[in-house]
Amino acid sequence: MRSMKFVALGALSLLSLVGCNQGQPRIYRVAIDATPIRTIASPSCFRNNNLPAGRGNRTEQNYRQEDEWVIWNGVDQVEYLDMGTQSYELGEAPLIRVVDLIEGTDKSFSALRNEQKPISDSWTEARQTQISVKFNDYSFSPTGSIALNAQYACIKNRVGCPGNEGTPQDLAPADAASCNASLNFVARKIDAQQMTVYNNNP
C-alpha cells in the first residue's frame with residue numbers, strides 16, 4: 001500500500017511540474033546575420049533605380065547583430081513573438097519598424113502594415129511593410145530566418161507622381177523605392193526561473 005501511495009504522489013508531483021512550465025515564456029539570445037541589409041547594392045532598392053555612388057563597395061564577414069527575443073504561448077495554438085523595438089532599413093524603401101508583439105502559429109510569425117497618404121488632389125502614396133520570422137524548431141539552439149519586404153507605390157489621379165514622367169525629382173519622397181531581404185539567425189535558449197526578468201532591448 002505504501003508503494004502505491006508513493007507512485008501516486010510521484011505522478012501527481014510530475015503533473016503539477018508540467019502544468020507550471022506550460023505558461024513559461026521561451027527566452028532566446030539571438031545572433032542575426034544582417035549583412036544582406038548593410039550591403040544592399042540592388043538599384044531597385046533605391047529611388048528611380050539609381051544606385052548611389054560608392055554603393056556596392058562595402059563587404060562584411062562574420063559580423064552579427066545581437067538581440068534577445070521572447071516567445072509567449074497564447075490560446076488555441078497561438079504564439080506571440082516579442083522582438084523589442086526593431087527597425088530595418090532596406091536602401092531607400094519604406095522603413096520596416098516593429099514596436100509590438102507579432103502573432104503567429106507553429107513557429108512562424110508574420111506582421112503586415114499598410115499606409116496610404118494623400119499628398120494632394122493629384123496623387124496618393126501607398127506604403128506596405130511586412131516582416132516574417134520563422135523558427136526551424138524550438139530546441140536549445142534553434143536556427144531560423146527573417147523575411148523583410150518594403151513596397152512603395154504612387155497612385156496618380158490627374159498628373160504624374162513626383163519624380164516620374166517629367167515631374168520635379170526633388171519632390172520624390174526619400175523612401176520611394178521597393179526592396180526585400182532575407183536574414184538568417186541562430187539562437188540560444190536562456191533557462192528561466194518562474195520569476196526571471198527579461199529585457200528585450202539589451
# chains A, B, ... in the order shown; residues from 1 in each chain; ligands from 1
call {"tool": "residues_around", "arguments": {"residues": "Glu115 in chain A", "least_positions_apart": "2", "cutoff": "7 Å", "atoms": "only C-alpha atoms", "output": "list in words"}}
result
Arg113, Lys117, Ala126, Arg127 and Gln128 of chain A
call {"tool": "write_last_selection", "arguments": {"atoms": "N, CA and C atoms", "output": "CSV table (one decimal), in the first residue's frame"}}
result
chain,number,residue,atom,x,y,z
A,113,ARG,N,1.9,45.9,-42.4
A,113,ARG,CA,1.4,47.2,-42.2
A,113,ARG,C,1.2,47.9,-43.5
A,117,LYS,N,-1.3,57.6,-48.0
A,117,LYS,CA,-1.2,59.0,-47.6
A,117,LYS,C,-1.5,59.9,-48.8
A,126,ALA,N,1.3,55.1,-51.3
A,126,ALA,CA,1.0,53.9,-50.6
A,126,ALA,C,2.3,53.2,-50.2
A,127,ARG,N,2.3,52.8,-48.9
A,127,ARG,CA,3.5,52.0,-48.4
A,127,ARG,C,3.0,50.7,-47.7
A,128,GLN,N,3.7,49.7,-47.9
A,128,GLN,CA,3.4,48.4,-47.3
A,128,GLN,C,4.7,47.8,-46.8
call {"tool": "residues_around", "arguments": {"residues": "Gly56 in chain A", "least_positions_apart": "3", "cutoff": "12 Å", "atoms": "only C-alpha atoms", "output": "PyMOL selection string"}}
result
chain A and resi 36-43+51-53+59-60+91
call {"tool": "select_by_dssp", "arguments": {"residues": "range 34-191 of chain A", "states": "strand (DSSP E)", "output": "PyMOL selection string"}}
result
chain A and resi 65-73+78-82+86-88+96-98+102-105+108-118+123-135+143-156+179-190
call {"tool": "write_last_selection", "arguments": {"atoms": "C-alpha atoms", "output": "PDB file, in the first residue's frame"}}
result
ATOM      1  CA  GLN A  65      23.619  41.662 -34.698  1.00  0.00           C
ATOM      2  CA  GLU A  66      22.708  40.645 -31.140  1.00  0.00           C
ATOM      3  CA  ASP A  67      19.148  40.623 -29.806  1.00  0.00           C
ATOM      4  CA  GLU A  68      17.018  38.985 -27.139  1.00  0.00           C
ATOM      5  CA  TRP A  69      13.614  37.615 -28.132  1.00  0.00           C
ATOM      6  CA  VAL A  70      10.780  36.144 -26.108  1.00  0.00           C
ATOM      7  CA  ILE A  71       8.035  33.799 -27.294  1.00  0.00           C
ATOM      8  CA  TRP A  72       4.788  33.594 -25.347  1.00  0.00           C
ATOM      9  CA  ASN A  73       2.170  30.860 -25.627  1.00  0.00           C
ATOM     10  CA  VAL A  78      -1.445  30.979 -30.996  1.00  0.00           C
ATOM     11  CA  GLU A  79       2.021  32.251 -30.079  1.00  0.00           C
ATOM     12  CA  TYR A  80       3.456  35.746 -29.653  1.00  0.00           C
ATOM     13  CA  LEU A  81       6.966  36.890 -30.533  1.00  0.00           C
ATOM     14  CA  ASP A  82       8.415  39.865 -28.641  1.00  0.00           C
ATOM     15  CA  GLN A  86      13.394  46.944 -34.173  1.00  0.00           C
ATOM     16  CA  SER A  87      13.980  48.966 -37.348  1.00  0.00           C
ATOM     17  CA  TYR A  88      15.057  47.565 -40.704  1.00  0.00           C
ATOM     18  CA  ILE A  96      10.175  48.447 -41.512  1.00  0.00           C
ATOM     19  CA  ARG A  97       9.578  49.170 -37.820  1.00  0.00           C
ATOM     20  CA  VAL A  98       8.491  46.661 -35.177  1.00  0.00           C
ATOM     21  CA  ILE A 102       3.942  39.616 -33.592  1.00  0.00           C
ATOM     22  CA  GLU A 103       1.284  36.911 -33.574  1.00  0.00           C
ATOM     23  CA  GLY A 104       1.878  33.528 -35.156  1.00  0.00           C
ATOM     24  CA  THR A 105       1.453  29.760 -35.023  1.00  0.00           C
ATOM     25  CA  SER A 108       6.091  31.168 -37.717  1.00  0.00           C
ATOM     26  CA  PHE A 109       5.288  34.843 -37.081  1.00  0.00           C
ATOM     27  CA  SER A 110       4.234  37.452 -39.629  1.00  0.00           C
ATOM     28  CA  ALA A 111       3.042  41.071 -39.455  1.00  0.00           C
ATOM     29  CA  LEU A 112       1.888  43.441 -42.194  1.00  0.00           C
ATOM     30  CA  ARG A 113       1.395  47.203 -42.177  1.00  0.00           C
ATOM     31  CA  ASN A 114      -0.341  49.223 -44.929  1.00  0.00           C
ATOM     32  CA  GLU A 115      -0.471  53.015 -45.144  1.00  0.00           C
ATOM     33  CA  GLN A 116      -1.998  55.325 -47.741  1.00  0.00           C
ATOM     34  CA  LYS A 117      -1.229  59.025 -47.603  1.00  0.00           C
ATOM     35  CA  PRO A 118      -2.957  61.538 -49.898  1.00  0.00           C
ATOM     36  CA  TRP A 123      -1.611  61.665 -56.163  1.00  0.00           C
ATOM     37  CA  THR A 124      -1.649  59.320 -53.160  1.00  0.00           C
ATOM     38  CA  GLU A 125       1.359  57.482 -51.740  1.00  0.00           C
ATOM     39  CA  ALA A 126       0.988  53.876 -50.609  1.00  0.00           C
ATOM     40  CA  ARG A 127       3.463  52.023 -48.413  1.00  0.00           C
ATOM     41  CA  GLN A 128       3.410  48.400 -47.299  1.00  0.00           C
ATOM     42  CA  THR A 129       5.898  46.754 -44.942  1.00  0.00           C
ATOM     43  CA  GLN A 130       5.992  43.119 -43.875  1.00  0.00           C
ATOM     44  CA  ILE A 131       8.178  41.042 -41.587  1.00  0.00           C
ATOM     45  CA  SER A 132       8.048  37.252 -41.284  1.00  0.00           C
ATOM     46  CA  VAL A 133      10.071  35.304 -38.713  1.00  0.00           C
ATOM     47  CA  LYS A 134      10.417  31.533 -38.952  1.00  0.00           C
ATOM     48  CA  PHE A 135      11.976  29.257 -36.337  1.00  0.00           C
ATOM     49  CA  THR A 143      18.015  28.432 -36.320  1.00  0.00           C
ATOM     50  CA  GLY A 144      15.655  30.432 -38.478  1.00  0.00           C
ATOM     51  CA  SER A 145      15.124  33.263 -40.934  1.00  0.00           C
ATOM     52  CA  ILE A 146      13.680  36.774 -41.144  1.00  0.00           C
ATOM     53  CA  ALA A 147      11.978  37.802 -44.405  1.00  0.00           C
ATOM     54  CA  LEU A 148      11.631  41.566 -44.943  1.00  0.00           C
ATOM     55  CA  ASN A 149       9.545  43.252 -47.633  1.00  0.00           C
ATOM     56  CA  ALA A 150       9.056  47.014 -48.100  1.00  0.00           C
ATOM     57  CA  GLN A 151       6.953  48.304 -51.008  1.00  0.00           C
ATOM     58  CA  TYR A 152       6.226  51.821 -52.254  1.00  0.00           C
ATOM     59  CA  ALA A 153       3.634  52.859 -54.825  1.00  0.00           C
ATOM     60  CA  CYS A 154       2.306  56.185 -56.054  1.00  0.00           C
ATOM     61  CA  ILE A 155      -1.322  56.280 -57.150  1.00  0.00           C
ATOM     62  CA  LYS A 156      -1.736  59.138 -59.606  1.00  0.00           C
ATOM     63  CA  CYS A 179      13.016  46.253 -51.696  1.00  0.00           C
ATOM     64  CA  ASN A 180      13.165  42.905 -49.901  1.00  0.00           C
ATOM     65  CA  ALA A 181      15.786  40.954 -47.998  1.00  0.00           C
ATOM     66  CA  SER A 182      16.166  37.687 -46.116  1.00  0.00           C
ATOM     67  CA  LEU A 183      18.280  37.320 -42.970  1.00  0.00           C
ATOM     68  CA  ASN A 184      19.367  34.160 -41.155  1.00  0.00           C
ATOM     69  CA  PHE A 185      19.733  33.815 -37.406  1.00  0.00           C
ATOM     70  CA  VAL A 186      20.933  31.368 -34.787  1.00  0.00           C
ATOM     71  CA  ALA A 187      19.746  31.450 -31.187  1.00  0.00           C
ATOM     72  CA  ARG A 188      20.492  30.033 -27.779  1.00  0.00           C
ATOM     73  CA  LYS A 189      17.740  29.372 -25.263  1.00  0.00           C
ATOM     74  CA  ILE A 190      18.133  31.026 -21.876  1.00  0.00           C
TER      75      ILE A 190
END
call {"tool": "closest_residue", "arguments": {"among": "A:Arg64, A:Ala93, A:Val75, A:Ala34", "to": "Ala174 in chain A", "atoms": "only C-alpha atoms"}}
result
A:Ala93
call {"tool": "atom_distance", "arguments": {"atom1": "CA of Tyr28 in chain A", "atom2": "CA of Thr85 in chain A"}}
result
15.6 Å
call {"tool": "atom_distance", "arguments": {"atom1": "CA of Asp191 in chain A", "atom2": "CA of Val30 in chain A"}}
result
14.1 Å
call {"tool": "atom_distance", "arguments": {"atom1": "CA of Ser44 in chain A", "atom2": "CA of Ser178 in chain A"}}
result
6.7 Å
call {"tool": "decode", "arguments": {"residues": "range 21-62 of chain A", "atoms": "C-alpha atoms", "output": "PDB file, in the first residue's frame"}}
result
ATOM      1  CA  ASN A  21       6.019  25.038 -17.065  1.00  0.00           C
ATOM      2  CA  GLN A  22       3.334  25.324 -19.716  1.00  0.00           C
ATOM      3  CA  GLY A  23       2.968  29.043 -19.099  1.00  0.00           C
ATOM      4  CA  GLN A  24       6.674  29.859 -19.124  1.00  0.00           C
ATOM      5  CA  PRO A  25       7.916  32.074 -21.993  1.00  0.00           C
ATOM      6  CA  ARG A  26      10.808  30.941 -24.148  1.00  0.00           C
ATOM      7  CA  ILE A  27      13.699  33.397 -23.956  1.00  0.00           C
ATOM      8  CA  TYR A  28      16.324  33.330 -26.703  1.00  0.00           C
ATOM      9  CA  ARG A  29      19.595  35.169 -27.210  1.00  0.00           C
ATOM     10  CA  VAL A  30      19.751  35.708 -30.972  1.00  0.00           C
ATOM     11  CA  ALA A  31      22.638  36.339 -33.386  1.00  0.00           C
ATOM     12  CA  ILE A  32      21.371  37.782 -36.695  1.00  0.00           C
ATOM     13  CA  ASP A  33      23.332  37.952 -39.924  1.00  0.00           C
ATOM     14  CA  ALA A  34      22.267  41.432 -41.073  1.00  0.00           C
ATOM     15  CA  THR A  35      24.884  41.571 -43.846  1.00  0.00           C
ATOM     16  CA  PRO A  36      22.258  41.482 -46.658  1.00  0.00           C
ATOM     17  CA  ILE A  37      20.794  44.761 -45.310  1.00  0.00           C
ATOM     18  CA  ARG A  38      24.058  46.581 -44.654  1.00  0.00           C
ATOM     19  CA  THR A  39      25.462  45.728 -48.085  1.00  0.00           C
ATOM     20  CA  ILE A  40      22.382  46.243 -50.306  1.00  0.00           C
ATOM     21  CA  ALA A  41      23.515  47.158 -53.810  1.00  0.00           C
ATOM     22  CA  SER A  42      20.416  46.431 -55.904  1.00  0.00           C
ATOM     23  CA  PRO A  43      19.360  49.507 -57.956  1.00  0.00           C
ATOM     24  CA  SER A  44      15.688  48.631 -57.474  1.00  0.00           C
ATOM     25  CA  CYS A  45      16.081  49.320 -53.744  1.00  0.00           C
ATOM     26  CA  PHE A  46      16.790  52.993 -54.445  1.00  0.00           C
ATOM     27  CA  ARG A  47      14.751  55.846 -55.914  1.00  0.00           C
ATOM     28  CA  ASN A  48      14.478  55.815 -59.703  1.00  0.00           C
ATOM     29  CA  ASN A  49      16.604  52.626 -59.785  1.00  0.00           C
ATOM     30  CA  ASN A  50      19.614  54.856 -59.187  1.00  0.00           C
ATOM     31  CA  LEU A  51      22.371  53.158 -57.197  1.00  0.00           C
ATOM     32  CA  PRO A  52      24.143  55.806 -55.050  1.00  0.00           C
ATOM     33  CA  ALA A  53      27.807  56.438 -55.798  1.00  0.00           C
ATOM     34  CA  GLY A  54      30.076  54.073 -53.910  1.00  0.00           C
ATOM     35  CA  ARG A  55      27.277  51.682 -53.068  1.00  0.00           C
ATOM     36  CA  GLY A  56      28.334  48.082 -53.523  1.00  0.00           C
ATOM     37  CA  ASN A  57      31.943  48.662 -52.425  1.00  0.00           C
ATOM     38  CA  ARG A  58      31.247  47.531 -48.878  1.00  0.00           C
ATOM     39  CA  THR A  59      31.729  43.910 -47.825  1.00  0.00           C
ATOM     40  CA  GLU A  60      31.332  42.264 -44.426  1.00  0.00           C
ATOM     41  CA  GLN A  61      32.160  38.897 -42.953  1.00  0.00           C
ATOM     42  CA  ASN A  62      31.235  37.277 -39.638  1.00  0.00           C
TER      43      ASN A  62
END
